[in-house]
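**Student:** Got a structure here, written out as structure tokens. Questions coming.
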Amino acid sequence: MTKRRVDGVLLLDKPVGMTSNTALQKTRRLYNAAKAGHTGTLDPFASGLLPICLGEATKFSQSMLNADKAYRATVRLGVRTATGDPEGTVLETRPVRVREADVRGILPRFTGDFLQTPPMHSALKVAGRPLYDYARKGVEIERRPRPVVVRRLELVDFQGDVFTLLVESGKGLYVRTLAEDLGEALGCGAHLQALVRLAVGPLRLEQAIGLEALEAMDPQARDGRLLPVDALLVGLPRLDLDPESAWQLGHGQAIWRAGLQVGARLRAYGPDGRLLGLVEVDGEGRLAPRRLIALDRGAGA
């Protein structure tokens, strides 16, 4: 069957036990889409919001990779695993003598800006290979701590050796490592038992649909679940252009606009209200195209 041109964003509620790539490929087949991608991997043990980009939306997936995220994280105290999550072998068990007040007392230490060392079991690449490749071969690679920010860290449930947190963070935070660090601070070790991604930038899990429900829909209803391409860019300022400027930009030419800050990124629209793409103010104060929508726009955009 010939793949069809379909542009848009599907907010998928990924189930536990499925890789993000499997979820992506299943979604792509349901839409018979020529092109698809996602905005950041969720581990198989995790569930929740996985924005799927179809067609022209794939050009803007990086915007969501760098966006703030929100999670519901369940931490199991007293058990350390090789991967920092339930999929790894148990390395150590320790007695747990932790009160709710102890957990609340350490949370401010992990709120705000701090340095975090990426885990070996991660997709971060060294010499062109993801760290998890080295970890599977028993090779330990030195990793430099990286700056991360946790904007909100709130205890929402405490059951002795298991507690649940609401985590709102900037890009690059490893919640597994946060769980392990919390366990060390509490003196008993820990791992991340469960993780649900609640938000990616302005996109929310409440808007998402599960795969089974998506499969049960007819094609027209399924297309109706797609958000427009610019759903990935709503956090950026909007710029509406006149016909001449829109034509220049659409053909790859930078255009002049006064009063813009160098480095600023904006979402540009033509006079018909359609998204043209992502633009950035260059060193000369011009609006330079960075990612443009193809001129022959397809369905779902």
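Labeling convention for the structure tokens: chains A, B, ... as they appear, residues from 1 per chain, ligands from 1 in order of appearance.
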Considering only C-alpha atoms, return as JSON, numbers by chain whatever protein or nucleic-acid residues lie within 12 Å of His191 of chain A, sequence-local ones (same chain, fewer than 6 positions apart) excluded.
**Tutor:** {"A": [73, 74, 75, 76, 77, 78, 79, 80, 81, 82, 83, 84, 85, 86, 87, 88, 89, 90, 91, 92, 93, 161, 162, 163, 164, 175, 176, 177, 178, 179, 180, 181, 182, 183, 184]}
**Student:** Atom CA of Gln220 of chain A and atom CA of Tyr31 of chain A are how many Å apart?
**Tutor:**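 Computing it gives 10.2 Å between the two atoms.
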**Student:** At a cut-off of 9 Å, using only C-alpha atoms, what residues contact segment 105-122 of chain A? Leave out same-chain residues fewer than 3 positions from it and give the result as a PDB file with N, CA and C atoms, in the first residue's frame.
**Tutor:**
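Saved the output as result.pdb:
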ATOM      1  N   ALA A  82      20.943  -2.503  38.893  1.00  0.00           N
ATOM      2  CA  ALA A  82      22.028  -2.164  37.971  1.00  0.00           C
ATOM      3  C   ALA A  82      21.660  -1.018  37.043  1.00  0.00           C
ATOM      4  N   THR A  83      20.386  -0.879  36.749  1.00  0.00           N
ATOM      5  CA  THR A  83      19.949   0.145  35.810  1.00  0.00           C
ATOM      6  C   THR A  83      19.245   1.315  36.494  1.00  0.00           C
ATOM      7  N   GLY A  84      19.025   1.215  37.808  1.00  0.00           N
ATOM      8  CA  GLY A  84      18.306   2.271  38.516  1.00  0.00           C
ATOM      9  C   GLY A  84      16.806   2.205  38.325  1.00  0.00           C
ATOM     10  N   GLU A 100       8.207   9.808  56.591  1.00  0.00           N
ATOM     11  CA  GLU A 100       7.741  10.770  55.592  1.00  0.00           C
ATOM     12  C   GLU A 100       8.452  12.105  55.749  1.00  0.00           C
ATOM     13  N   ALA A 101       8.679  12.516  57.005  1.00  0.00           N
ATOM     14  CA  ALA A 101       9.366  13.785  57.251  1.00  0.00           C
ATOM     15  C   ALA A 101      10.785  13.770  56.706  1.00  0.00           C
ATOM     16  N   ASP A 102      11.436  12.603  56.706  1.00  0.00           N
ATOM     17  CA  ASP A 102      12.792  12.496  56.163  1.00  0.00           C
ATOM     18  C   ASP A 102      12.795  12.764  54.662  1.00  0.00           C
ATOM     19  N   LYS A 125      25.331   9.456  23.890  1.00  0.00           N
ATOM     20  CA  LYS A 125      26.359   8.836  23.055  1.00  0.00           C
ATOM     21  C   LYS A 125      27.771   9.292  23.427  1.00  0.00           C
ATOM     22  N   PRO A 130      25.757   4.687  22.079  1.00  0.00           N
ATOM     23  CA  PRO A 130      25.031   5.000  23.316  1.00  0.00           C
ATOM     24  C   PRO A 130      25.689   4.334  24.514  1.00  0.00           C
ATOM     25  N   LEU A 131      25.578   4.992  25.665  1.00  0.00           N
ATOM     26  CA  LEU A 131      26.206   4.470  26.869  1.00  0.00           C
ATOM     27  C   LEU A 131      25.704   3.073  27.217  1.00  0.00           C
ATOM     28  N   TYR A 132      24.429   2.777  26.920  1.00  0.00           N
ATOM     29  CA  TYR A 132      23.919   1.460  27.296  1.00  0.00           C
ATOM     30  C   TYR A 132      24.627   0.332  26.553  1.00  0.00           C
ATOM     31  N   ASP A 133      25.186   0.620  25.367  1.00  0.00           N
ATOM     32  CA  ASP A 133      25.972  -0.394  24.665  1.00  0.00           C
ATOM     33  C   ASP A 133      27.202  -0.777  25.468  1.00  0.00           C
ATOM     34  N   TYR A 134      27.882   0.234  26.015  1.00  0.00           N
ATOM     35  CA  TYR A 134      29.054  -0.025  26.852  1.00  0.00           C
ATOM     36  C   TYR A 134      28.640  -0.760  28.125  1.00  0.00           C
ATOM     37  N   ALA A 135      27.521  -0.316  28.729  1.00  0.00           N
ATOM     38  CA  ALA A 135      27.074  -0.918  29.986  1.00  0.00           C
ATOM     39  C   ALA A 135      26.763  -2.402  29.812  1.00  0.00           C
ATOM     40  N   ARG A 136      26.159  -2.768  28.693  1.00  0.00           N
ATOM     41  CA  ARG A 136      25.825  -4.174  28.448  1.00  0.00           C
ATOM     42  C   ARG A 136      27.065  -5.047  28.307  1.00  0.00           C
ATOM     43  N   GLU A 140      32.658   0.532  31.928  1.00  0.00           N
ATOM     44  CA  GLU A 140      32.261   1.770  32.605  1.00  0.00           C
ATOM     45  C   GLU A 140      32.950   2.950  31.926  1.00  0.00           C
ATOM     46  N   ILE A 141      32.186   3.937  31.484  1.00  0.00           N
ATOM     47  CA  ILE A 141      32.698   5.124  30.814  1.00  0.00           C
ATOM     48  C   ILE A 141      32.595   6.303  31.774  1.00  0.00           C
ATOM     49  N   ARG A 143      31.738   9.774  32.932  1.00  0.00           N
ATOM     50  CA  ARG A 143      30.753  10.772  32.489  1.00  0.00           C
ATOM     51  C   ARG A 143      30.908  12.045  33.307  1.00  0.00           C
ATOM     52  N   ARG A 144      30.831  13.149  32.630  1.00  0.00           N
ATOM     53  CA  ARG A 144      30.905  14.431  33.329  1.00  0.00           C
ATOM     54  C   ARG A 144      29.527  14.836  33.830  1.00  0.00           C
ATOM     55  N   PRO A 145      29.440  15.327  35.055  1.00  0.00           N
ATOM     56  CA  PRO A 145      28.150  15.845  35.533  1.00  0.00           C
ATOM     57  C   PRO A 145      27.664  16.972  34.633  1.00  0.00           C
ATOM     58  N   ARG A 146      26.361  17.029  34.437  1.00  0.00           N
ATOM     59  CA  ARG A 146      25.761  18.043  33.570  1.00  0.00           C
ATOM     60  C   ARG A 146      24.760  18.872  34.364  1.00  0.00           C
ATOM     61  N   PRO A 147      24.650  20.150  34.032  1.00  0.00           N
ATOM     62  CA  PRO A 147      23.661  20.974  34.751  1.00  0.00           C
ATOM     63  C   PRO A 147      22.243  20.587  34.388  1.00  0.00           C
ATOM     64  N   VAL A 148      21.391  20.433  35.384  1.00  0.00           N
ATOM     65  CA  VAL A 148      19.969  20.160  35.192  1.00  0.00           C
ATOM     66  C   VAL A 148      19.195  21.079  36.129  1.00  0.00           C
ATOM     67  N   VAL A 149      17.902  21.171  35.888  1.00  0.00           N
ATOM     68  CA  VAL A 149      17.065  21.982  36.764  1.00  0.00           C
ATOM     69  C   VAL A 149      15.782  21.218  37.076  1.00  0.00           C
ATOM     70  N   VAL A 150      15.444  21.171  38.359  1.00  0.00           N
ATOM     71  CA  VAL A 150      14.173  20.629  38.813  1.00  0.00           C
ATOM     72  C   VAL A 150      13.346  21.798  39.320  1.00  0.00           C
ATOM     73  N   ARG A 151      12.266  22.102  38.633  1.00  0.00           N
ATOM     74  CA  ARG A 151      11.461  23.274  38.974  1.00  0.00           C
ATOM     75  C   ARG A 151      10.468  22.968  40.095  1.00  0.00           C
ATOM     76  N   ARG A 152      10.059  21.704  40.185  1.00  0.00           N
ATOM     77  CA  ARG A 152       9.106  21.317  41.229  1.00  0.00           C
ATOM     78  C   ARG A 152       9.357  19.872  41.613  1.00  0.00           C
ATOM     79  N   LEU A 153       9.403  19.609  42.912  1.00  0.00           N
ATOM     80  CA  LEU A 153       9.600  18.258  43.421  1.00  0.00           C
ATOM     81  C   LEU A 153       8.708  18.115  44.650  1.00  0.00           C
ATOM     82  N   GLU A 154       7.598  17.426  44.451  1.00  0.00           N
ATOM     83  CA  GLU A 154       6.561  17.379  45.485  1.00  0.00           C
ATOM     84  C   GLU A 154       6.216  15.936  45.847  1.00  0.00           C
ATOM     85  N   LEU A 155       6.206  15.629  47.142  1.00  0.00           N
ATOM     86  CA  LEU A 155       5.798  14.315  47.615  1.00  0.00           C
ATOM     87  C   LEU A 155       4.277  14.232  47.586  1.00  0.00           C
ATOM     88  N   SER A 169      10.679  19.314  35.445  1.00  0.00           N
ATOM     89  CA  SER A 169      12.100  19.571  35.211  1.00  0.00           C
ATOM     90  C   SER A 169      12.354  20.169  33.838  1.00  0.00           C
ATOM     91  N   GLY A 172      17.077  17.160  29.968  1.00  0.00           N
ATOM     92  CA  GLY A 172      18.281  16.451  30.359  1.00  0.00           C
ATOM     93  C   GLY A 172      18.264  15.773  31.710  1.00  0.00           C
ATOM     94  N   LEU A 173      17.180  15.916  32.491  1.00  0.00           N
ATOM     95  CA  LEU A 173      17.137  15.265  33.793  1.00  0.00           C
ATOM     96  C   LEU A 173      16.851  13.768  33.618  1.00  0.00           C
ATOM     97  N   TYR A 174      17.617  12.935  34.321  1.00  0.00           N
ATOM     98  CA  TYR A 174      17.349  11.505  34.395  1.00  0.00           C
ATOM     99  C   TYR A 174      16.644  11.225  35.710  1.00  0.00           C
ATOM    100  N   ARG A 176      15.601   8.408  36.828  1.00  0.00           N
ATOM    101  CA  ARG A 176      16.194   7.233  37.472  1.00  0.00           C
ATOM    102  C   ARG A 176      17.351   7.632  38.384  1.00  0.00           C
ATOM    103  N   THR A 177      18.202   8.505  37.873  1.00  0.00           N
ATOM    104  CA  THR A 177      19.343   8.958  38.670  1.00  0.00           C
ATOM    105  C   THR A 177      18.878   9.782  39.859  1.00  0.00           C
ATOM    106  N   LEU A 178      17.838  10.596  39.665  1.00  0.00           N
ATOM    107  CA  LEU A 178      17.269  11.349  40.779  1.00  0.00           C
ATOM    108  C   LEU A 178      16.791  10.400  41.873  1.00  0.00           C
ATOM    109  N   ASP A 181      19.804   8.969  43.689  1.00  0.00           N
ATOM    110  CA  ASP A 181      20.439   9.976  44.544  1.00  0.00           C
ATOM    111  C   ASP A 181      19.605  10.237  45.797  1.00  0.00           C
ATOM    112  N   LEU A 182      18.288  10.224  45.646  1.00  0.00           N
ATOM    113  CA  LEU A 182      17.425  10.379  46.819  1.00  0.00           C
ATOM    114  C   LEU A 182      17.637   9.220  47.789  1.00  0.00           C
ATOM    115  N   ALA A 185      20.826   9.734  49.674  1.00  0.00           N
ATOM    116  CA  ALA A 185      20.671  10.807  50.666  1.00  0.00           C
ATOM    117  C   ALA A 185      19.893  10.323  51.888  1.00  0.00           C
ATOM    118  N   LEU A 186      19.010   9.341  51.678  1.00  0.00           N
ATOM    119  CA  LEU A 186      18.219   8.791  52.784  1.00  0.00           C
ATOM    120  C   LEU A 186      18.926   7.628  53.479  1.00  0.00           C
TER     121      LEU A 186
END
**Student:** Considering only C-alpha atoms, return as a list in words whatever protein or nucleic-acid residues lie within 7 Å of Ala268 of chain A, sequence-local ones (same chain, fewer than 3 positions apart) excluded.
**Tutor:**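 In the requested format, the answer is Arg238, Leu239, Asp240, Leu275, Leu276, Gly277, Leu278 and Val279 of chain A.
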**Student:** Can you write just those residues out, C-alpha atoms, as an mmCIF file, in the first residue's frame?
**Tutor:**
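Result written to part.cif:
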data_model
loop_
_atom_site.group_PDB
_atom_site.id
_atom_site.type_symbol
_atom_site.label_atom_id
_atom_site.label_comp_id
_atom_site.auth_asym_id
_atom_site.auth_seq_id
_atom_site.Cartn_x
_atom_site.Cartn_y
_atom_site.Cartn_z
ATOM 1 C CA ARG A 238 3.994 34.137 16.650
ATOM 2 C CA LEU A 239 4.918 36.265 13.618
ATOM 3 C CA ASP A 240 2.376 36.930 10.849
ATOM 4 C CA LEU A 275 2.391 27.870 9.412
ATOM 5 C CA LEU A 276 5.465 28.583 7.303
ATOM 6 C CA GLY A 277 7.992 27.269 9.775
ATOM 7 C CA LEU A 278 10.539 28.145 12.414
ATOM 8 C CA VAL A 279 12.684 31.270 12.005
#
**Student:** What does the distance from atom CA of Glu284 of chain A to atom CA of Gly259 of chain A come to in Å, to one decimal?
**Tutor:**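 For atom CA of Glu284 of chain A relative to atom CA of Gly259 of chain A, the distance reads 11.7 Å.
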**Student:** Out of segment 26-267 of chain A, which residues get strand (DSSP E or B) from DSSP, as a VMD selection string?
**Tutor:** chain A and resid 33 36 to 38 47 to 54 69 to 77 79 to 81 90 to 93 112 to 116 125 to 126 129 to 130 146 to 158 162 to 169 190 to 200 203 to 204 209 to 210 227 238 to 240 255 to 256 265 to 267
**Student:** Do you know which residues are at most 8 Å from Thr39 of chain A counting only C-alpha atoms, after dropping those on the same chain fewer than 6 positions away, and could you put them as a count of residues only?
**Tutor:** 8
**Student:** I'd like the contact shell of segment 9-15 of chain A - 10 Å cut-off, only C-alpha atoms, skipping same-chain residues fewer than 6 positions apart - returned as a ChimeraX atom specification.
**Tutor:** /A:22-24,27,36-38,42-58,61,196-198,203-212,214,222-232,300-301
**Student:** Create the file for the chosen residues now, containing C-alpha atoms and written as a PDB file, in the first residue's frame.
**Tutor:**
ATOM      1  CA  THR A  22       7.399  -0.003  18.783  1.00  0.00           C
ATOM      2  CA  ALA A  23       4.726   2.543  19.745  1.00  0.00           C
ATOM      3  CA  LEU A  24       5.958   4.816  16.957  1.00  0.00           C
ATOM      4  CA  THR A  27       1.129   4.483  15.099  1.00  0.00           C
ATOM      5  CA  ALA A  36       7.016   9.625  11.447  1.00  0.00           C
ATOM      6  CA  GLY A  37       9.127  10.269  14.527  1.00  0.00           C
ATOM      7  CA  HIS A  38       8.760  10.947  18.247  1.00  0.00           C
ATOM      8  CA  LEU A  42      10.252   6.696  27.184  1.00  0.00           C
ATOM      9  CA  ASP A  43      11.792   3.528  28.658  1.00  0.00           C
ATOM     10  CA  PRO A  44       9.728   0.336  28.263  1.00  0.00           C
ATOM     11  CA  PHE A  45       8.893   0.237  31.996  1.00  0.00           C
ATOM     12  CA  ALA A  46       7.565   3.814  31.809  1.00  0.00           C
ATOM     13  CA  SER A  47       4.204   4.963  30.481  1.00  0.00           C
ATOM     14  CA  GLY A  48       2.499   8.203  29.603  1.00  0.00           C
ATOM     15  CA  LEU A  49       2.752  10.986  27.092  1.00  0.00           C
ATOM     16  CA  LEU A  50       4.671  10.226  23.898  1.00  0.00           C
ATOM     17  CA  PRO A  51       4.047  12.862  21.202  1.00  0.00           C
ATOM     18  CA  ILE A  52       4.237  11.237  17.766  1.00  0.00           C
ATOM     19  CA  CYS A  53       5.168  13.522  14.869  1.00  0.00           C
ATOM     20  CA  LEU A  54       3.858  12.709  11.401  1.00  0.00           C
ATOM     21  CA  GLY A  55       5.059  14.197   8.127  1.00  0.00           C
ATOM     22  CA  GLU A  56       6.143  17.828   8.358  1.00  0.00           C
ATOM     23  CA  ALA A  57       5.825  17.766  12.162  1.00  0.00           C
ATOM     24  CA  THR A  58       9.017  15.676  12.323  1.00  0.00           C
ATOM     25  CA  SER A  61      10.460  17.367  17.105  1.00  0.00           C
ATOM     26  CA  VAL A 196       4.508   8.209  34.106  1.00  0.00           C
ATOM     27  CA  ARG A 197       5.232  11.173  31.846  1.00  0.00           C
ATOM     28  CA  LEU A 198       2.502  13.739  32.435  1.00  0.00           C
ATOM     29  CA  LEU A 203       1.249  19.100  25.794  1.00  0.00           C
ATOM     30  CA  ARG A 204      -0.559  17.093  28.491  1.00  0.00           C
ATOM     31  CA  LEU A 205      -1.266  13.419  29.117  1.00  0.00           C
ATOM     32  CA  GLU A 206      -4.975  14.255  29.581  1.00  0.00           C
ATOM     33  CA  GLN A 207      -5.101  15.010  25.844  1.00  0.00           C
ATOM     34  CA  ALA A 208      -3.535  11.679  24.851  1.00  0.00           C
ATOM     35  CA  ILE A 209      -5.084   8.455  23.551  1.00  0.00           C
ATOM     36  CA  GLY A 210      -4.029   4.838  24.036  1.00  0.00           C
ATOM     37  CA  LEU A 211      -3.061   2.535  21.178  1.00  0.00           C
ATOM     38  CA  GLU A 212      -6.027   0.200  21.630  1.00  0.00           C
ATOM     39  CA  LEU A 214      -6.667   4.447  18.369  1.00  0.00           C
ATOM     40  CA  ARG A 222      -8.235   8.699  13.736  1.00  0.00           C
ATOM     41  CA  ASP A 223      -7.210  11.665  11.589  1.00  0.00           C
ATOM     42  CA  GLY A 224      -9.387  13.817  13.819  1.00  0.00           C
ATOM     43  CA  ARG A 225      -7.093  13.008  16.754  1.00  0.00           C
ATOM     44  CA  LEU A 226      -4.183  14.788  15.099  1.00  0.00           C
ATOM     45  CA  LEU A 227      -3.106  18.178  16.373  1.00  0.00           C
ATOM     46  CA  PRO A 228      -1.739  20.674  13.840  1.00  0.00           C
ATOM     47  CA  VAL A 229       2.004  20.813  13.259  1.00  0.00           C
ATOM     48  CA  ASP A 230       2.338  24.070  15.194  1.00  0.00           C
ATOM     49  CA  ALA A 231       1.194  22.345  18.384  1.00  0.00           C
ATOM     50  CA  LEU A 232       4.925  21.702  18.850  1.00  0.00           C
ATOM     51  CA  GLY A 300      -3.718  16.875   8.659  1.00  0.00           C
ATOM     52  CA  ALA A 301      -1.516  19.993   8.765  1.00  0.00           C
TER      53      ALA A 301
END
**Student:** Go ahead and compute the interatomic distance for atom CA of Ser245 of chain A and atom CA of Leu233 of chain A, in Å to one decimal.
**Tutor:** 20.3 Å
